[in-house]
2 protein chains.
Amino acid sequence: MRIPDLSDVRDARARILKHAHRTPVITNEAINRRLGAHVYFKCENLQKVGAFKFRGACNAVFSLSDAEAQSGVVAHSSGNHAQALALAARLRGIPAYIVMPENAPAVKKSAVAEYGAHITFCRPTLADREQTQDVIIAQTGALEIHPYDNSKIIAGQATAADELLDDVPDLDTIIAPVGGGGLLAGTALATKARSSKIKVVGVEPTGADDAARSLQAGHIIPSVDPKTIADGLLTSLGTLNFAILRDKVDGIETVEDELTIHAMKYFWERTKLIIEPSAATALAALFKGGQQWEGRKIGVILSGGNVDLERLPWME
Amino acid sequence: MRIPDLSDVRDARARILKHAHRTPVITNEAINRRLGAHVYFKCENLQKVGAFKFRGACNAVFSLSDAEAQSGVVAHSSGNHAQALALAARLRGIPAYIVMPENAPAVKKSAVAEYGAHITFCRPTLADREQTQDVIIAQTGALEIHPYDNSKIIAGQATAADELLDDVPDLDTIIAPVGGGGLLAGTALATKARSSKIKVVGVEPTGADDAARSLQAGHIIPSVDPKTIADGLLTSLGTLNFAILRDKVDGIETVEDELTIHAMKYFWERTKLIIEPSAATALAALFKGGQQWEGRKIGVILSGGNVDLERLPWME
């Protein structure tokens with residue numbers, strides 16, 4: 001697969017325009033005061049399915065020819081990509097087959113079911129997920145839409161940063177969390193195509209810091225036994241994602257879960273907006289960085305807001 | 001005190017313009033589908049201090065002459081009015097003295113303190129609150145700003161419905177929760193001044209249904225030993241509020257706390273916006289009313305979003 005460019009991002013914007021929300025960009029006085037900075041939050045928690053993932057899934061599904069699309073799409077996903085693909089497929093009028101680990105959050109299981117996808121549960125190992133998916137592909141002929149190692153997905157995720165830069169063009173820095181690298185790769189390629197002066201920084205939990213280690217090593221180091229509450233950031237980097245990150249990202253910050261939980265609760269209290277732990281890592285990185293951000297104009301991609309409200313991390 | 005009219009509401013809008021947010025109006029597909037209706041939520045949870053109360057407090061504080069304002073303002077409040085008055089006073093540059101019951105939610109206590117108010121804690125009885133306030137007035141000469149039985153407060157709260165009707169003029173019905181009656185009185189007078197055809201409906205918990213009983217009886221029946229999780233709706237109606245409600249409100253719906261908790265959690269999950277139980281009563285009334293709302297175009301004033309995140313009602 002080839003690395004997308006800005007024209008692919010603009011194609012994606014046109015393709016998803018009718019289906020995805022142009023999410024708002026919000027600011028918060030208390031956060032700005034605390035940091036001595038100006039922070040602009042791109043609210044992908046208010047995106048359809050509650051996460052940026054809908055952008056990529058929608059772009060991927062609507063890029064398919066009718067022949068490619070007719071047998072449906074399939075993915076294994078612990079959460080937001082599953083919902084995103086399910087909704088995109090429903091909008092396109094094709095079947096979606098989703099392989100979910102049986103320990104996925106209840107709210108995500110029921111959301112995927114509500115979007116009308118065919119769900120198959122499996123044990124929460126990568127081997128079991130892939131094997132289950134292979135069986136489904138053999139049975140249905142469905143096309144795999146990988147959650148991040150896919151140029152249409154990356155171009156779709158890039159539309160969030162592209163919109164943010166339309167709203168606030170003079171940012172110093174854009175921060176986004178990194179798991180598989182779909183959002184961060186998209187953010188980096190949209191941003192750097194518009195201005196090489198804007199820094200692009202990834203954030204991941206210290207307990208799942210494979211992206212930081214991979215970029216330092218110069219090759220992909222898989223995420224083995226990651227430990228973090230940020231359930232969207234458990235996966236290893238994709239090949240295409242790594243290639244883009246190595247070329248275009250200025251740095252990766254790591255944050256402890258304790259600080260992420262603090263940032264998440266603080267954000268809920270101050271803004272009345274629900275963000276998931278993965279999204280809160282970016283605010284945690286700002287809190288951790290302290291004076292480094294003073295006087296800066298920072299964009300943050302809030303990745304999503306899908307949280308199991310029965311199990312909030314500050315109560316555990 | 002006299003009953004405010006639309007020109008008082010417009011004066012209030014001009015007075016608070018620089019200080020208060022013009023809050024967004026949101027819709028949600030899942031809620032509209034479930035009800036078969038079009039519901040427009042006026043997001044006072046995104047107002048400053050996280051509640052509509054800032055509108056009234058701001059209007060009241062900025063209506064004072066310099067002579068009236070100089071010794072500061074005082075109120076006893078279990079929550080949102082306290083924060084609202086504290087912030088409005090800080091913006092005006094005068095002291096705020098707040099009497100709070102010692103059992104108020106932690107998040108509200110700390111917010112009032114952060115806005116720089118002088119807090120005095122007392123036992124959670126009306127007698128103790130009033131006595132403590134009297135002592136403060138004697139010591140400081142501060143002016144009491146009643147949380148709802150005050151025409152400037154009512155005119156301020158009315159600005160939310162007035163803005164909503166600017167955004168969505170052709171509503172069939174506007175629903176707002178009723179505790180002391182500041183929000184509902186304001187909503188009713190703004191709405192009926194613009195169109196007598198729009199129905200105005202109040203909502204209160206079955207365990208604190210003094211407004212429904214008062215309107216039925218034709219005189220104020222005090223709220224005695226109310227039992228509800230909607231901590232903003234515990235108080236009795238004010239005199240001025242009752243006079244407006246009797247004249248302009250089309251009905252009061254009552255909802256069980258169980259349904260309010262369901263509506264609150266459902267709204268959080270679907271919209272990623274935090275609302276407090278008092279705000280959720282209005283959505284609960286829509287769920288309870290069922291087919292009665294089908295095909296209707298309904299405005300809901302979401303009163304606020306101040307919740308103690310350590311103690312969510314569906315976990316108790």
# chains A, B, ... in the order shown; residues from 1 in each chain; ligands from 1
>>> residues_around(residues="segment 292-307 of chain B", least_positions_apart="6", cutoff="6 Å", atoms="only C-alpha atoms", output="ChimeraX atom specification")
/B:36-45,50-52,171-176,274-276,279
>>> interface_residues(of="chain A", to="chain B", cutoff="12 Å", atoms="only C-alpha atoms", output="PyMOL selection string")
chain A and resi 24+26-30+43-51+106-108+110-111+114-115+262+264-276+304-316
>>> residues_around(residues="Gly116 of chain B", least_positions_apart="4", cutoff="10 Å", atoms="only C-alpha atoms", output="VMD selection string")
chain B and resid 83 86 to 87 89 to 90 95 to 97 111 to 112
>>> select_by_dssp(residues="segment 13-209 of chain B", states="strand (DSSP E or B)", output="PyMOL selection string")
chain B and resi 25-26+38-43+51+73-76+96-101+118-122+143-144+173-177+199-205
>>> write_last_selection(atoms="N, CA, C and O atoms", output="compact mmCIF listing (two decimals), in the first residue's frame")
# COMPACT_ATOMS: atom_id res chain seq x y z
N VAL B 25 -27.27 24.23 21.00
CA VAL B 25 -28.47 23.39 21.00
C VAL B 25 -28.10 22.12 20.24
O VAL B 25 -27.64 22.19 19.11
N ILE B 26 -28.25 20.96 20.88
CA ILE B 26 -27.87 19.72 20.19
C ILE B 26 -29.07 18.80 19.99
O ILE B 26 -30.08 18.89 20.69
N HIS B 38 -38.64 15.07 17.48
CA HIS B 38 -37.45 15.88 17.26
C HIS B 38 -37.19 16.67 18.54
O HIS B 38 -37.97 17.55 18.89
N VAL B 39 -36.11 16.34 19.20
CA VAL B 39 -35.83 16.98 20.49
C VAL B 39 -34.59 17.85 20.37
O VAL B 39 -33.56 17.42 19.85
N TYR B 40 -34.71 19.08 20.83
CA TYR B 40 -33.62 20.06 20.78
C TYR B 40 -33.20 20.38 22.20
O TYR B 40 -33.97 20.95 22.98
N PHE B 41 -31.97 19.98 22.53
CA PHE B 41 -31.48 20.14 23.90
C PHE B 41 -30.67 21.43 24.01
O PHE B 41 -29.64 21.58 23.34
N LYS B 42 -31.10 22.33 24.87
CA LYS B 42 -30.36 23.56 25.14
C LYS B 42 -29.37 23.23 26.25
O LYS B 42 -29.76 22.95 27.40
N CYS B 43 -28.08 23.28 25.93
CA CYS B 43 -27.05 22.69 26.78
C CYS B 43 -26.53 23.64 27.85
O CYS B 43 -25.40 24.13 27.78
N ALA B 51 -24.05 25.31 34.72
CA ALA B 51 -25.50 25.32 34.98
C ALA B 51 -26.11 26.65 34.56
O ALA B 51 -25.46 27.69 34.58
N VAL B 73 -22.44 40.32 47.95
CA VAL B 73 -23.71 39.59 47.86
C VAL B 73 -23.62 38.31 48.68
O VAL B 73 -22.53 37.79 48.92
N VAL B 74 -24.78 37.82 49.10
CA VAL B 74 -24.81 36.62 49.92
C VAL B 74 -25.98 35.74 49.50
O VAL B 74 -27.01 36.23 49.03
N ALA B 75 -25.78 34.43 49.61
CA ALA B 75 -26.86 33.48 49.36
C ALA B 75 -26.57 32.20 50.12
O ALA B 75 -25.42 31.89 50.41
N HIS B 76 -27.65 31.49 50.46
CA HIS B 76 -27.44 30.11 50.91
C HIS B 76 -27.88 29.20 49.78
O HIS B 76 -28.93 29.41 49.17
N ALA B 96 -18.42 37.71 47.48
CA ALA B 96 -19.59 36.84 47.57
C ALA B 96 -19.47 36.02 48.84
O ALA B 96 -18.41 35.45 49.11
N TYR B 97 -20.54 35.96 49.62
CA TYR B 97 -20.60 35.15 50.84
C TYR B 97 -21.60 34.03 50.60
O TYR B 97 -22.76 34.30 50.27
N ILE B 98 -21.13 32.81 50.71
CA ILE B 98 -21.98 31.67 50.39
C ILE B 98 -22.14 30.79 51.63
O ILE B 98 -21.16 30.37 52.24
N VAL B 99 -23.41 30.53 51.98
CA VAL B 99 -23.71 29.59 53.04
C VAL B 99 -24.06 28.26 52.39
O VAL B 99 -24.97 28.19 51.56
N MET B 100 -23.29 27.22 52.71
CA MET B 100 -23.51 25.91 52.09
C MET B 100 -23.78 24.87 53.16
O MET B 100 -23.11 24.85 54.19
N PRO B 101 -24.73 23.96 52.89
CA PRO B 101 -24.91 22.84 53.82
C PRO B 101 -23.68 21.94 53.76
O PRO B 101 -23.10 21.74 52.70
N HIS B 118 -16.36 33.56 49.90
CA HIS B 118 -16.20 33.26 51.32
C HIS B 118 -17.29 32.25 51.69
O HIS B 118 -18.47 32.58 51.63
N ILE B 119 -16.89 31.04 52.06
CA ILE B 119 -17.88 29.98 52.34
C ILE B 119 -18.06 29.79 53.84
O ILE B 119 -17.08 29.74 54.58
N THR B 120 -19.31 29.69 54.25
CA THR B 120 -19.62 29.28 55.63
C THR B 120 -20.47 28.03 55.55
O THR B 120 -21.50 28.01 54.87
N PHE B 121 -20.01 26.96 56.20
CA PHE B 121 -20.79 25.72 56.19
C PHE B 121 -21.78 25.71 57.35
O PHE B 121 -21.51 26.29 58.41
N CYS B 122 -22.91 25.07 57.14
CA CYS B 122 -23.92 24.98 58.20
C CYS B 122 -24.60 23.63 58.11
O CYS B 122 -24.35 22.86 57.18
N LEU B 143 -25.73 42.02 50.34
CA LEU B 143 -27.10 41.99 49.83
C LEU B 143 -27.48 40.56 49.47
O LEU B 143 -26.74 39.88 48.76
N GLU B 144 -28.64 40.11 49.95
CA GLU B 144 -29.06 38.75 49.62
C GLU B 144 -29.51 38.67 48.16
O GLU B 144 -30.30 39.49 47.69
N THR B 173 -43.34 22.45 22.09
CA THR B 173 -43.33 22.35 23.55
C THR B 173 -41.93 22.66 24.05
O THR B 173 -40.94 22.32 23.37
N ILE B 174 -41.83 23.30 25.21
CA ILE B 174 -40.54 23.42 25.90
C ILE B 174 -40.69 22.81 27.29
O ILE B 174 -41.66 23.10 28.00
N ILE B 175 -39.71 21.97 27.63
CA ILE B 175 -39.73 21.28 28.92
C ILE B 175 -38.54 21.73 29.75
O ILE B 175 -37.41 21.82 29.24
N ALA B 176 -38.78 22.00 31.03
CA ALA B 176 -37.69 22.36 31.93
C ALA B 176 -37.99 21.79 33.31
O ALA B 176 -39.16 21.69 33.71
N PRO B 177 -36.98 21.42 34.05
CA PRO B 177 -37.20 20.94 35.41
C PRO B 177 -37.63 22.08 36.34
O PRO B 177 -37.36 23.25 36.07
N LYS B 199 -46.40 25.06 24.12
CA LYS B 199 -46.70 24.57 25.47
C LYS B 199 -45.43 24.62 26.33
O LYS B 199 -44.34 24.33 25.85
N VAL B 200 -45.60 24.96 27.59
CA VAL B 200 -44.48 24.94 28.55
C VAL B 200 -44.81 23.93 29.65
O VAL B 200 -45.85 24.04 30.30
N VAL B 201 -43.93 22.97 29.79
CA VAL B 201 -44.17 21.87 30.73
C VAL B 201 -43.02 21.79 31.73
O VAL B 201 -41.85 21.82 31.34
N GLY B 202 -43.35 21.71 32.99
CA GLY B 202 -42.34 21.50 34.03
C GLY B 202 -42.21 20.03 34.37
O GLY B 202 -43.13 19.24 34.13
N VAL B 203 -41.04 19.66 34.89
CA VAL B 203 -40.82 18.27 35.33
C VAL B 203 -40.22 18.29 36.71
O VAL B 203 -39.33 19.10 37.01
N GLU B 204 -40.70 17.39 37.56
CA GLU B 204 -40.09 17.24 38.87
C GLU B 204 -40.15 15.77 39.29
O GLU B 204 -40.93 14.99 38.75
N PRO B 205 -39.30 15.37 40.22
CA PRO B 205 -39.31 13.98 40.68
C PRO B 205 -40.59 13.68 41.46
O PRO B 205 -41.12 14.56 42.15
>>> closest_residue(among="A:Pro222, A:Ser78, A:Asp128, A:Thr191", to="Asp166 of chain A", atoms="only C-alpha atoms")
A:Thr191
